[in-house]
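Data block for model-v3.cif (mmCIF, C-alpha atoms):
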```
data_model
#
loop_
_atom_site.label_atom_id
_atom_site.label_comp_id
_atom_site.auth_asym_id
_atom_site.auth_seq_id
_atom_site.Cartn_x
_atom_site.Cartn_y
_atom_site.Cartn_z
CA MET A 63 6.82 14.93 23.47
CA PRO A 64 6.28 18.67 23.15
CA ARG A 65 7.17 20.01 19.70
CA SER A 66 10.16 22.32 19.55
CA ASP A 67 9.91 25.61 17.66
CA HIS A 68 12.65 24.19 15.43
CA ASP A 69 10.67 21.07 14.53
CA PRO A 70 9.02 21.12 11.10
CA LYS A 71 5.33 21.94 11.16
CA PRO A 72 2.94 19.21 10.02
CA THR A 73 1.92 19.72 6.44
CA SER A 74 -1.34 18.64 4.87
CA PRO A 75 -1.30 16.55 1.67
CA SER A 76 -3.02 19.35 -0.25
CA LEU A 77 -0.40 21.87 0.82
CA ILE A 78 2.37 19.51 -0.22
CA ARG A 79 0.74 19.20 -3.66
CA ASP A 80 0.37 22.98 -4.06
CA GLU A 81 3.95 23.67 -3.01
CA ARG A 82 5.21 21.05 -5.46
CA LEU A 83 3.27 22.70 -8.28
CA ALA A 84 4.70 26.08 -7.39
CA GLY A 85 8.20 24.67 -7.30
CA ASP A 86 7.82 23.25 -10.80
CA ALA A 87 6.93 26.64 -12.31
CA THR A 88 10.40 27.28 -13.65
CA GLU A 89 10.55 23.81 -15.24
CA TRP A 90 7.27 23.72 -17.09
CA GLY A 91 4.46 26.15 -17.66
CA GLY A 92 6.26 29.13 -16.14
CA GLY A 93 4.86 32.58 -16.83
CA ARG A 94 2.92 35.39 -15.29
CA VAL A 95 0.37 32.94 -13.83
CA PRO A 96 2.11 29.54 -13.66
CA ALA A 97 -1.08 27.54 -13.06
CA VAL A 98 -2.66 28.99 -16.21
CA ALA A 99 0.52 28.40 -18.20
CA ARG A 100 0.58 24.76 -17.10
CA ALA A 101 -3.02 24.26 -18.08
CA ALA A 102 -2.29 25.84 -21.47
CA ALA A 103 0.71 23.53 -21.94
CA VAL A 104 -1.54 20.51 -21.40
CA LEU A 105 -4.22 21.81 -23.77
CA ASN A 106 -1.65 22.63 -26.47
CA ALA A 107 -0.11 19.18 -26.23
CA LEU A 108 -3.50 17.47 -26.50
CA ALA A 109 -4.54 19.72 -29.40
CA ALA A 110 -1.55 18.44 -31.38
CA ALA A 111 -2.34 14.75 -30.65
CA CYS A 112 -4.94 13.06 -32.83
CA ARG A 113 -5.74 10.12 -30.53
CA GLY A 114 -5.03 11.70 -27.17
CA LEU A 115 -2.10 11.03 -24.84
CA PRO A 116 -1.47 8.87 -21.79
CA LEU A 117 -0.18 10.64 -18.70
CA SER A 118 3.36 9.36 -19.26
CA GLU A 119 3.54 10.77 -22.80
CA LEU A 120 1.94 14.03 -21.72
CA ALA A 121 4.58 14.33 -19.01
CA ARG A 122 7.35 13.77 -21.56
CA ILE A 123 6.02 16.42 -23.93
CA THR A 124 5.38 19.08 -21.28
CA GLY A 125 8.43 18.26 -19.17
CA ALA A 126 6.21 18.02 -16.08
CA PRO A 127 6.50 15.60 -13.15
CA LYS A 128 3.63 13.11 -13.28
CA SER A 129 2.41 14.09 -9.81
CA SER A 130 2.11 17.77 -10.76
CA LEU A 131 0.66 16.91 -14.15
CA LEU A 132 -2.00 14.66 -12.66
CA SER A 133 -3.30 17.50 -10.50
CA VAL A 134 -3.58 19.78 -13.52
CA CYS A 135 -5.32 17.09 -15.58
CA LEU A 136 -7.83 16.40 -12.80
CA ALA A 137 -8.66 20.11 -12.55
CA LEU A 138 -9.09 20.42 -16.32
CA THR A 139 -11.27 17.31 -16.35
CA ASP A 140 -13.51 18.84 -13.68
CA GLU A 141 -13.97 21.86 -15.99
CA ARG A 142 -14.71 19.57 -18.99
CA LEU A 143 -11.75 21.09 -20.85
CA ILE A 144 -10.22 17.62 -21.17
CA ARG A 145 -11.53 14.10 -20.74
CA ARG A 146 -9.98 10.71 -19.92
CA SER A 147 -10.97 7.90 -22.27
CA GLY A 148 -11.43 4.26 -21.32
CA ASP A 149 -7.89 3.36 -22.35
CA GLY A 150 -6.43 6.01 -20.05
CA ARG A 151 -5.62 8.58 -22.70
CA TYR A 152 -6.39 12.26 -22.15
CA GLN A 153 -8.16 14.17 -24.93
CA LEU A 154 -9.61 17.63 -25.41
CA GLY A 155 -13.03 17.94 -23.80
CA VAL A 156 -16.35 19.16 -25.10
CA ARG A 157 -15.98 22.48 -23.29
CA VAL A 158 -13.18 23.44 -25.71
CA ALA A 159 -15.58 23.05 -28.63
CA GLU A 160 -18.24 25.04 -26.77
CA LEU A 161 -15.83 27.91 -26.19
CA ALA A 162 -14.65 27.85 -29.82
CA SER A 163 -18.25 27.94 -31.02
CA ALA A 164 -19.00 30.90 -28.77
CA GLN A 165 -15.99 32.74 -30.16
CA LEU A 166 -17.18 32.17 -33.73
CA LEU A 167 -20.67 33.40 -32.88
CA HIS A 168 -19.33 36.49 -31.09
CA PRO A 169 -15.93 37.33 -32.58
CA PRO A 170 -14.11 40.33 -31.11
CA ARG A 171 -14.85 43.52 -33.00
CA LEU A 172 -12.43 46.31 -33.83
CA SER A 173 -12.91 49.41 -31.72
CA ARG A 174 -9.87 51.45 -32.82
CA VAL A 175 -7.88 51.32 -36.07
CA ALA A 176 -4.70 53.13 -37.05
CA VAL A 177 -4.30 54.15 -40.71
CA ALA A 178 -0.83 55.21 -41.86
CA VAL A 179 -0.49 56.52 -45.42
CA GLN A 180 2.40 57.80 -47.53
CA THR A 181 1.04 61.31 -48.02
CA LEU A 182 -2.37 62.95 -48.11
CA THR A 183 -1.20 65.42 -50.77
CA ASN A 184 -1.64 62.58 -53.28
CA PRO A 185 -5.36 62.21 -54.06
CA PHE A 186 -5.01 58.41 -54.27
CA PHE A 187 -3.95 58.07 -50.65
CA ALA A 188 -6.53 60.64 -49.59
CA ALA A 189 -9.28 58.61 -51.29
CA GLU A 190 -7.98 55.41 -49.71
CA ALA A 191 -7.96 56.93 -46.21
CA ARG A 192 -11.37 58.50 -46.75
CA ALA A 193 -12.88 55.14 -47.65
CA VAL A 194 -11.50 53.52 -44.49
CA ASP A 195 -12.76 56.40 -42.37
CA THR A 196 -16.25 56.26 -43.90
CA LEU A 197 -16.60 52.52 -43.29
CA CYS A 198 -15.22 52.89 -39.76
CA ARG A 199 -17.85 55.52 -38.96
CA GLU A 200 -20.56 53.14 -40.15
CA LEU A 201 -19.15 50.40 -37.90
CA HIS A 202 -18.50 52.74 -34.95
CA ILE A 203 -14.73 52.19 -35.09
CA ALA A 204 -12.43 55.02 -34.03
CA VAL A 205 -9.74 55.95 -36.58
CA ALA A 206 -6.29 57.46 -36.00
CA LEU A 207 -4.82 58.72 -39.29
CA SER A 208 -1.09 59.32 -39.85
CA ASP A 209 0.44 61.14 -42.83
CA ALA A 210 4.13 60.35 -43.36
CA GLY A 211 4.70 63.02 -45.98
CA GLN A 212 6.69 60.45 -48.03
CA ASP A 213 9.29 60.36 -45.23
CA LEU A 214 10.37 56.89 -44.08
CA CYS A 215 11.82 58.09 -40.77
CA ARG A 216 8.60 59.91 -40.02
CA GLN A 217 6.53 56.83 -40.81
CA LEU A 218 8.71 54.66 -38.58
CA GLN A 219 8.18 57.12 -35.73
CA GLN A 220 4.45 56.98 -36.38
CA LEU A 221 4.59 53.18 -36.11
CA ASP A 222 6.29 53.58 -32.72
CA ASP A 223 3.47 55.87 -31.64
CA ILE A 224 0.88 53.38 -32.88
CA VAL A 225 2.37 50.66 -30.66
CA ALA A 226 1.96 52.94 -27.64
CA SER A 227 -1.56 53.99 -28.59
CA GLY A 228 -3.22 50.63 -27.89
CA THR A 229 -4.90 50.38 -31.28
CA ASP A 230 -6.54 47.12 -32.39
CA ALA A 231 -5.13 46.95 -35.94
CA LEU A 232 -2.95 48.88 -38.39
CA ILE A 233 -3.67 49.56 -42.05
CA LEU A 234 -0.38 50.63 -43.60
CA ASP A 235 0.39 52.20 -46.96
CA ALA A 236 4.17 52.01 -46.71
CA VAL A 237 6.55 54.76 -47.82
CA ASP A 238 9.21 52.09 -48.41
CA SER A 239 8.12 48.45 -48.65
CA ASP A 240 11.34 47.05 -47.16
CA GLY A 241 12.30 50.08 -45.10
CA VAL A 242 9.28 49.69 -42.80
CA ALA A 243 10.17 46.09 -41.91
CA GLU A 244 11.44 46.73 -38.37
CA GLY A 245 8.54 49.07 -37.60
CA VAL A 246 6.05 46.47 -38.83
CA ALA A 247 7.77 43.79 -36.73
CA GLN A 248 7.53 45.99 -33.64
CA VAL A 249 3.81 46.59 -34.23
CA ARG A 250 3.17 42.87 -34.66
CA ARG A 251 5.24 41.99 -31.58
CA SER A 252 2.86 44.18 -29.59
CA GLY A 253 -0.05 42.01 -30.76
CA ILE A 254 -1.41 44.44 -33.37
CA PRO A 255 -2.20 42.85 -36.78
CA VAL A 256 -0.85 44.74 -39.80
CA VAL A 257 -2.56 44.95 -43.18
CA ALA A 258 -0.49 46.45 -45.99
CA VAL A 259 -2.63 48.30 -48.51
CA ASN A 260 -1.74 49.52 -52.03
CA ALA A 261 1.96 48.68 -51.50
CA GLY A 262 3.49 45.68 -49.80
CA ALA A 263 5.15 46.03 -46.40
CA THR A 264 7.70 43.42 -45.36
CA GLY A 265 6.39 41.34 -42.47
CA ALA A 266 2.73 42.40 -42.73
CA ASP A 267 0.08 39.83 -41.83
CA ALA A 268 -1.79 40.45 -45.10
CA THR A 269 -1.58 42.64 -48.20
CA VAL A 270 -4.35 44.19 -50.29
CA THR A 271 -3.16 45.76 -53.52
CA THR A 272 -3.89 46.30 -57.19
CA ASP A 273 -2.42 43.73 -59.58
CA ASN A 274 0.30 46.16 -60.58
CA THR A 275 2.10 43.69 -62.82
CA GLN A 276 -1.08 43.41 -64.85
CA ALA A 277 -1.37 47.21 -64.89
CA GLY A 278 2.13 47.57 -66.33
CA GLU A 279 1.45 44.97 -69.00
CA LEU A 280 -1.80 46.66 -70.09
CA ILE A 281 -0.06 50.04 -70.32
CA ALA A 282 2.84 48.66 -72.36
CA ARG A 283 0.64 46.85 -74.88
CA HIS A 284 -1.56 49.90 -75.39
CA LEU A 285 1.46 52.13 -75.90
CA ALA A 286 3.07 49.66 -78.31
CA THR A 287 -0.10 49.56 -80.38
CA PHE A 288 -0.28 53.38 -80.42
CA LEU A 289 3.35 53.58 -81.60
CA ASN A 290 2.83 50.84 -84.21
CA GLY A 291 5.46 48.74 -82.46
CA ALA A 292 8.39 51.15 -82.81
CA GLY A 293 9.66 54.20 -80.96
CA THR A 294 11.83 55.69 -78.24
CA ILE A 295 10.39 56.06 -74.76
CA ALA A 296 11.35 57.16 -71.24
CA ILE A 297 10.21 56.01 -67.82
CA VAL A 298 9.70 58.23 -64.79
CA GLY A 299 9.47 55.84 -61.86
CA GLY A 300 8.83 56.39 -58.19
CA THR A 301 9.63 55.36 -54.67
CA ARG A 302 10.80 51.98 -53.30
CA ILE A 303 7.44 50.27 -52.96
CA THR A 304 6.20 47.02 -54.46
CA ALA A 305 3.44 48.77 -56.40
CA ASN A 306 5.97 50.76 -58.41
CA ALA A 307 8.39 47.87 -58.86
CA ASP A 308 5.65 45.52 -60.05
CA ARG A 309 4.21 48.12 -62.40
CA ILE A 310 7.55 48.72 -64.10
CA SER A 311 8.34 45.01 -64.17
CA GLY A 312 5.07 44.26 -65.96
CA PHE A 313 5.63 47.16 -68.36
CA LEU A 314 9.13 46.07 -69.35
CA SER A 315 8.14 42.43 -69.57
CA ALA A 316 5.33 43.20 -72.02
CA LEU A 317 7.67 45.38 -74.13
CA HIS A 318 9.87 42.35 -74.83
CA ALA A 319 7.38 41.49 -77.57
CA TYR A 320 8.20 44.79 -79.29
CA PRO A 321 11.97 44.88 -79.96
CA LYS A 322 11.71 48.10 -81.98
CA ILE A 323 10.59 50.04 -78.91
CA ARG A 324 13.64 51.34 -77.04
CA VAL A 325 13.73 52.64 -73.46
CA ALA A 326 16.15 55.55 -73.71
CA ALA A 327 16.00 56.85 -70.14
CA ARG A 328 14.69 56.12 -66.68
CA LEU A 329 14.69 58.35 -63.62
CA ASP A 330 12.88 57.74 -60.33
CA GLY A 331 11.05 60.38 -58.33
CA ASP A 332 8.79 60.55 -55.30
CA ASN A 333 5.46 59.86 -57.07
CA SER A 334 4.55 63.56 -57.11
CA THR A 335 3.57 65.99 -59.87
CA GLN A 336 6.56 68.18 -59.05
CA ALA A 337 8.98 65.28 -59.44
CA GLY A 338 7.30 64.28 -62.70
CA THR A 339 7.86 67.76 -64.13
CA ARG A 340 11.45 68.06 -62.89
CA LEU A 341 12.58 64.63 -64.09
CA ALA A 342 10.83 64.95 -67.44
CA GLU A 343 12.65 68.26 -68.00
CA VAL A 344 15.98 66.51 -67.38
CA ILE A 345 15.12 63.69 -69.78
CA LEU A 346 13.85 66.05 -72.48
CA ALA A 347 17.05 68.10 -72.27
CA GLU A 348 19.14 64.97 -72.85
CA HIS A 349 17.05 63.39 -75.62
CA ALA A 350 16.13 65.35 -78.73
CA ARG A 351 13.60 62.76 -79.78
CA LEU A 352 11.18 60.91 -77.56
CA ASP A 353 7.91 59.40 -78.64
CA ALA A 354 6.43 58.58 -75.26
CA PHE A 355 6.74 58.58 -71.48
CA PHE A 356 5.55 56.07 -68.94
CA GLY A 357 4.74 57.82 -65.66
CA ILE A 358 4.56 55.58 -62.60
CA ASN A 359 1.28 57.16 -61.43
CA ASP A 360 -1.14 59.89 -62.44
CA PRO A 361 0.47 62.73 -60.41
CA THR A 362 3.85 61.91 -62.00
CA SER A 363 2.25 61.75 -65.44
CA LEU A 364 0.51 65.08 -64.96
CA GLY A 365 3.91 66.55 -64.16
CA ILE A 366 5.36 65.01 -67.32
CA ALA A 367 2.51 66.52 -69.33
CA GLU A 368 3.34 69.95 -67.91
CA ALA A 369 7.01 69.58 -68.86
CA LEU A 370 6.01 68.64 -72.40
CA ARG A 371 3.72 71.67 -72.60
CA VAL A 372 6.38 74.10 -71.42
CA ALA A 373 9.05 72.59 -73.70
CA ARG A 374 6.59 72.47 -76.60
CA ARG A 375 7.55 68.87 -77.27
CA GLN A 376 5.27 66.27 -78.81
CA ALA A 377 5.12 62.96 -76.97
CA VAL A 378 2.37 60.83 -75.46
CA VAL A 379 2.15 59.73 -71.84
CA VAL A 380 0.79 56.52 -70.35
CA SER A 381 0.10 56.17 -66.66
CA ALA A 382 -1.51 54.25 -63.82
CA ASP A 383 -4.18 55.27 -61.28
CA GLY A 384 -7.39 56.24 -63.11
CA SER A 385 -7.83 59.62 -61.40
CA THR A 386 -10.22 62.37 -62.47
CA ALA A 387 -7.37 64.64 -63.58
CA ALA A 388 -5.74 62.03 -65.81
CA VAL A 389 -9.03 60.97 -67.38
CA ALA A 390 -9.79 64.63 -68.16
CA LEU A 391 -6.52 64.83 -70.13
CA ILE A 392 -7.35 61.62 -71.97
CA LYS A 393 -10.73 62.99 -72.99
CA SER A 394 -9.21 66.30 -74.11
CA GLY A 395 -6.80 64.61 -76.49
CA GLY A 396 -3.63 64.24 -74.47
CA PRO A 397 -0.80 64.15 -73.97
CA VAL A 398 -1.95 61.46 -71.52
CA ILE A 399 -3.53 58.77 -73.69
CA ALA A 400 -4.15 55.96 -71.17
CA THR A 401 -4.11 55.10 -67.48
CA ALA A 402 -4.52 51.74 -65.75
CA ALA A 403 -7.29 52.33 -63.26
CA GLN A 404 -7.04 51.51 -59.57
CA ASN A 405 -9.81 51.72 -56.97
CA PRO A 406 -8.41 53.28 -53.79
CA GLY A 407 -11.78 53.18 -52.07
CA LEU A 408 -12.18 49.46 -52.63
CA LEU A 409 -8.59 48.83 -51.53
CA GLY A 410 -9.25 50.69 -48.28
CA ARG A 411 -12.52 48.90 -47.55
CA ILE A 412 -11.08 45.44 -48.18
CA ALA A 413 -8.06 46.30 -46.03
CA LEU A 414 -10.38 47.19 -43.12
CA GLN A 415 -12.37 43.98 -43.58
CA THR A 416 -9.12 42.01 -43.61
CA ALA A 417 -7.99 43.77 -40.43
CA GLN A 418 -11.25 42.77 -38.75
CA ARG A 419 -10.79 39.12 -39.66
CA LEU A 420 -7.21 39.13 -38.41
CA TYR A 421 -8.26 40.77 -35.15
CA ALA A 422 -10.92 38.09 -34.68
CA GLY A 423 -8.24 35.42 -34.95
CA GLU A 424 -8.80 34.34 -38.55
CA ARG A 425 -5.97 33.87 -41.00
CA PRO A 426 -6.53 34.67 -44.67
CA ALA A 427 -6.30 31.78 -47.10
CA GLN A 428 -3.96 33.96 -49.19
CA ARG A 429 -1.74 36.60 -47.61
CA THR A 430 -1.93 38.80 -50.72
CA ARG A 431 -5.20 39.95 -52.28
CA LEU A 432 -4.79 41.32 -55.81
CA LEU A 433 -7.48 43.53 -57.37
CA SER A 434 -7.55 43.52 -61.15
CA THR A 435 -7.21 46.74 -63.15
CA VAL A 436 -8.72 48.05 -66.37
CA LEU A 437 -7.06 50.30 -68.94
CA ILE A 438 -8.78 53.64 -69.51
CA SER A 439 -8.23 55.24 -72.92
CA ARG A 440 -10.14 57.38 -75.40
CA GLU A 441 -12.20 54.32 -76.32
CA ASN A 442 -13.81 53.84 -72.88
CA ALA A 443 -13.10 57.05 -70.93
CA ASP A 444 -16.69 58.30 -71.27
CA GLU A 445 -18.07 55.18 -69.55
CA TYR A 446 -15.51 55.16 -66.74
CA VAL A 447 -16.28 56.88 -63.42
CA PRO A 448 -12.94 58.14 -62.05
CA TRP A 449 -12.04 58.77 -58.43
CA GLY A 450 -10.40 61.81 -56.89
#
```

Full structure transcribed into structure tokens:
Amino acid sequence: MPRSDHDPKPTSPSLIRDERLAGDATEWGGGRVPAVARAAAVLNALAAACRGLPLSELARITGAPKSSLLSVCLALTDERLIRRSGDGRYQLGVRVAELASAQLLHPPRLSRVAVAVQTLTNPFFAAEARAVDTLCRELHIAVALSDAGQDLCRQLQQLDDIVASGTDALILDAVDSDGVAEGVAQVRRSGIPVVAVNAGATGADATVTTDNTQAGELIARHLATFLNGAGTIAIVGGTRITANADRISGFLSALHAYPKIRVAARLDGDNSTQAGTRLAEVILAEHARLDAFFGINDPTSLGIAEALRVARRQAVVVSADGSTAAVALIKSGGPVIATAAQNPGLLGRIALQTAQRLYAGERPAQRTRLLSTVLISRENADEYVPWG
């Protein structure tokens, strides 16, 4: 009988199979390329199974009809990505190991890195950025440097720009450790690994920083010894970053052993010399007697020293950073008497190395890398080589 135009056309078995696979795309393994997504679903399920899986169990886990699943498994078997054992279980194939080995031998290399710092007016951040840039030049990695000027809104906008730039990794010295959280999340959602350096950044893949708790403890013990265990002191803190919080926490914790040392005042600035001077002037005006100041970093402490000079007040200053300017004051007899040294160059280099490992698909054994510090005072200042 002649076939009517309204009669269904004969369909080959292979076409029926392909149409069935396409129809299942919304049920399992959907995505931009459904066939690839289905294959990935099978591989992921087998990777999580120690002894392999029979087709029925694989169908239950993936939510796939057995007929569709069988076609995918046969194709993957042909490519040696999976294998079928004698008892009927499917397992990962030798080709998976071959591909993993090739990836380890030839890991992807960074080609472009974004570096976002708090401010380049602070010599610490400038030294940190310079170290990253120098190592990147040696490794032929392009660098895009952003200076937030200690402005959180500006840094968040810079993170938006970094997402659009197509960079491979971000090294971030956060203006505000918690305040950058959404910006960091957006960067990571775009597939860009984030390494926090110097200060923590909520949500970062890894953090490289000085052991600032240790730094605060060293500073406190040295100051307590200098004051013979008794005196009145003030603290000029800084911005909302983990480095500052940990430093002050370690300082105050160590002072618990010296009950005759009293903290009379604390004001927080923006980590700058200008803020150090301004806040020290306020504290000096309110307190007729002060034996010492703890400045959160060397720029702040240099500002405190200037306020003491102008007011013609006698007090010592302890600090953290280990910069050339602070060490020069230590050698000249004060008022800065000690600083807990950091190494911004080493922080920057390790941060870049960490970014490379993350980009290659590795995950650090520890998400936070702490670099130990050493206290610089009159006793060892001549042997110490400062930065900045």

Picked residues, the PyMOL selection byres ((chain A and resi 181-183) around 6), expected as an NGL selection string = :A and (179-180 or 184 or 187-188 or 209-212)

Keeping only C-alpha atoms, write those residues as an mmCIF file, in the coordinates of the input.
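So the final result, stored in part.cif, reads:
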```cif
data_model
loop_
_atom_site.group_PDB
_atom_site.id
_atom_site.type_symbol
_atom_site.label_atom_id
_atom_site.label_comp_id
_atom_site.auth_asym_id
_atom_site.auth_seq_id
_atom_site.Cartn_x
_atom_site.Cartn_y
_atom_site.Cartn_z
ATOM 1 C CA VAL A 179 -0.490 56.520 -45.420
ATOM 2 C CA GLN A 180 2.400 57.800 -47.530
ATOM 3 C CA ASN A 184 -1.640 62.580 -53.280
ATOM 4 C CA PHE A 187 -3.950 58.070 -50.650
ATOM 5 C CA ALA A 188 -6.530 60.640 -49.590
ATOM 6 C CA ASP A 209 0.440 61.140 -42.830
ATOM 7 C CA ALA A 210 4.130 60.350 -43.360
ATOM 8 C CA GLY A 211 4.700 63.020 -45.980
ATOM 9 C CA GLN A 212 6.690 60.450 -48.030
#
```

key: Ref. answer, residues at most 7 Å from (2.3, 50.7, -46.8) with all atoms listed in the file, as a PyMOL selection string   = chain A and resi 179+234-237+239+258-263

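Note that the spacing between atom CA of A:Gly114 and atom CA of A:Gln153 amounts to 4.6 Å.
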
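Selection by the PyMOL selection byres ((chain A and resi 358-362) around 8) on the present file picks out A:Asn184, A:Ile297, A:Val298, A:Gly299, A:Gly300, A:Asn306, A:Arg309, A:Ile310, A:Asn333, A:Ser334, A:Thr335, A:Gln336, A:Ala337, A:Gly338, A:Thr339, A:Phe356, A:Gly357, A:Ser363, A:Leu364, A:Gly365, A:Ile366, A:Ser381, A:Ala382, A:Asp383, A:Gly384, A:Ser385, A:Ala387, A:Ala388, A:Thr401.
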
Now that the selection is made, can you save its residues with C-alpha atoms as a PDB file, keeping the file's coordinate frame?
```pdb
ATOM      1  CA  ASN A 184      -1.640  62.580 -53.280  1.00  0.00           C
ATOM      2  CA  ILE A 297      10.210  56.010 -67.820  1.00  0.00           C
ATOM      3  CA  VAL A 298       9.700  58.230 -64.790  1.00  0.00           C
ATOM      4  CA  GLY A 299       9.470  55.840 -61.860  1.00  0.00           C
ATOM      5  CA  GLY A 300       8.830  56.390 -58.190  1.00  0.00           C
ATOM      6  CA  ASN A 306       5.970  50.760 -58.410  1.00  0.00           C
ATOM      7  CA  ARG A 309       4.210  48.120 -62.400  1.00  0.00           C
ATOM      8  CA  ILE A 310       7.550  48.720 -64.100  1.00  0.00           C
ATOM      9  CA  ASN A 333       5.460  59.860 -57.070  1.00  0.00           C
ATOM     10  CA  SER A 334       4.550  63.560 -57.110  1.00  0.00           C
ATOM     11  CA  THR A 335       3.570  65.990 -59.870  1.00  0.00           C
ATOM     12  CA  GLN A 336       6.560  68.180 -59.050  1.00  0.00           C
ATOM     13  CA  ALA A 337       8.980  65.280 -59.440  1.00  0.00           C
ATOM     14  CA  GLY A 338       7.300  64.280 -62.700  1.00  0.00           C
ATOM     15  CA  THR A 339       7.860  67.760 -64.130  1.00  0.00           C
ATOM     16  CA  PHE A 356       5.550  56.070 -68.940  1.00  0.00           C
ATOM     17  CA  GLY A 357       4.740  57.820 -65.660  1.00  0.00           C
ATOM     18  CA  SER A 363       2.250  61.750 -65.440  1.00  0.00           C
ATOM     19  CA  LEU A 364       0.510  65.080 -64.960  1.00  0.00           C
ATOM     20  CA  GLY A 365       3.910  66.550 -64.160  1.00  0.00           C
ATOM     21  CA  ILE A 366       5.360  65.010 -67.320  1.00  0.00           C
ATOM     22  CA  SER A 381       0.100  56.170 -66.660  1.00  0.00           C
ATOM     23  CA  ALA A 382      -1.510  54.250 -63.820  1.00  0.00           C
ATOM     24  CA  ASP A 383      -4.180  55.270 -61.280  1.00  0.00           C
ATOM     25  CA  GLY A 384      -7.390  56.240 -63.110  1.00  0.00           C
ATOM     26  CA  SER A 385      -7.830  59.620 -61.400  1.00  0.00           C
ATOM     27  CA  ALA A 387      -7.370  64.640 -63.580  1.00  0.00           C
ATOM     28  CA  ALA A 388      -5.740  62.030 -65.810  1.00  0.00           C
ATOM     29  CA  THR A 401      -4.110  55.100 -67.480  1.00  0.00           C
TER      30      THR A 401
END
```

request  = Taking the file as shown, find all residues satisfying the PyMOL selection byres ((chain A and resi 286-294) around 12) and write them as number ranges by chain.
outcome  = A: 279-285, 295-297, 313-314, 316-328, 349-356, 377-380, 399-400, 439-440

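Close contacts of A:Lys393, defined as residues with an atom at most 7 Å away when counting only C-alpha atoms, with chain neighbours fewer than 3 positions off set aside, comprise A:Val389, A:Ala390, A:Arg440, A:Ala443.
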
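One distance worth recording is that between atom CA of A:Arg94 and atom CA of A:Gly155, which is 25.1 Å.
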
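Ranking A:Leu120, A:Ala305, A:Ala111, A:Ala162 by their shortest atom-to-atom distance to A:Gln404, with all atoms listed in the file included, puts A:Ala305 first.
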
Residue contacts of stretch 415-431 of chain A (7 Å, all atoms listed in the file) excluding same-chain residues fewer than 5 positions away, as a CSV table (one decimal) with C-alpha atoms, in the coordinates of the input:
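selection_19.csv was written with the following content:
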```csv
chain,number,residue,atom,x,y,z
A,169,PRO,CA,-15.9,37.3,-32.6
A,170,PRO,CA,-14.1,40.3,-31.1
A,171,ARG,CA,-14.8,43.5,-33.0
A,172,LEU,CA,-12.4,46.3,-33.8
A,231,ALA,CA,-5.1,47.0,-35.9
A,255,PRO,CA,-2.2,42.8,-36.8
A,257,VAL,CA,-2.6,45.0,-43.2
A,267,ASP,CA,0.1,39.8,-41.8
A,268,ALA,CA,-1.8,40.4,-45.1
A,269,THR,CA,-1.6,42.6,-48.2
A,270,VAL,CA,-4.4,44.2,-50.3
A,271,THR,CA,-3.2,45.8,-53.5
```

Quick one: 3 Å padding each side, axis-aligned, all listed atoms of stretch 266-275 of chain A - centre and edge lengths in Å to one decimal, as JSON?
```
{"center_x": -0.8, "center_y": 43.1, "center_z": -52.3, "size_x": 13.1, "size_y": 12.5, "size_z": 27.0}
```

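Atom pair atom CA of A:Asp230 / atom CA of A:Ser434: separated by 29.0 Å.
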
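Minimum distance to A:Gly228 across A:Leu201, A:Leu341, A:Val175, A:Ala191 (counting all atoms listed in the file) occurs at A:Val175.
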
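If you measure from each of A:Leu132, A:Ala347, A:Leu232, A:Val225 to A:Gln248 using all atoms listed in the file, the closest one turns out to be A:Val225.
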
Atom completion result for stretch 139-147 of chain A (N, CA and C atoms) as a PDB file, keeping the file's coordinate frame:
```pdb
ATOM      1  N   THR A 139     -10.165  18.254 -16.147  1.00  0.00           N
ATOM      2  CA  THR A 139     -11.270  17.310 -16.350  1.00  0.00           C
ATOM      3  C   THR A 139     -12.526  17.787 -15.636  1.00  0.00           C
ATOM      4  N   ASP A 140     -12.360  18.305 -14.417  1.00  0.00           N
ATOM      5  CA  ASP A 140     -13.510  18.840 -13.680  1.00  0.00           C
ATOM      6  C   ASP A 140     -14.208  19.952 -14.454  1.00  0.00           C
ATOM      7  N   GLU A 141     -13.409  20.742 -15.220  1.00  0.00           N
ATOM      8  CA  GLU A 141     -13.970  21.860 -15.990  1.00  0.00           C
ATOM      9  C   GLU A 141     -14.414  21.436 -17.388  1.00  0.00           C
ATOM     10  N   ARG A 142     -14.335  20.141 -17.698  1.00  0.00           N
ATOM     11  CA  ARG A 142     -14.710  19.570 -18.990  1.00  0.00           C
ATOM     12  C   ARG A 142     -13.843  20.083 -20.133  1.00  0.00           C
ATOM     13  N   LEU A 143     -12.669  20.638 -19.812  1.00  0.00           N
ATOM     14  CA  LEU A 143     -11.750  21.090 -20.850  1.00  0.00           C
ATOM     15  C   LEU A 143     -10.967  19.931 -21.434  1.00  0.00           C
ATOM     16  N   ILE A 144     -10.772  18.863 -20.645  1.00  0.00           N
ATOM     17  CA  ILE A 144     -10.220  17.620 -21.170  1.00  0.00           C
ATOM     18  C   ILE A 144     -11.042  16.462 -20.614  1.00  0.00           C
ATOM     19  N   ARG A 145     -10.848  15.291 -21.205  1.00  0.00           N
ATOM     20  CA  ARG A 145     -11.530  14.100 -20.740  1.00  0.00           C
ATOM     21  C   ARG A 145     -10.555  12.923 -20.773  1.00  0.00           C
ATOM     22  N   ARG A 146     -10.828  11.918 -19.950  1.00  0.00           N
ATOM     23  CA  ARG A 146      -9.980  10.710 -19.920  1.00  0.00           C
ATOM     24  C   ARG A 146     -10.775   9.564 -20.523  1.00  0.00           C
ATOM     25  N   SER A 147     -10.258   8.974 -21.586  1.00  0.00           N
ATOM     26  CA  SER A 147     -10.970   7.900 -22.270  1.00  0.00           C
ATOM     27  C   SER A 147     -10.779   6.585 -21.525  1.00  0.00           C
TER      28      SER A 147
END
```
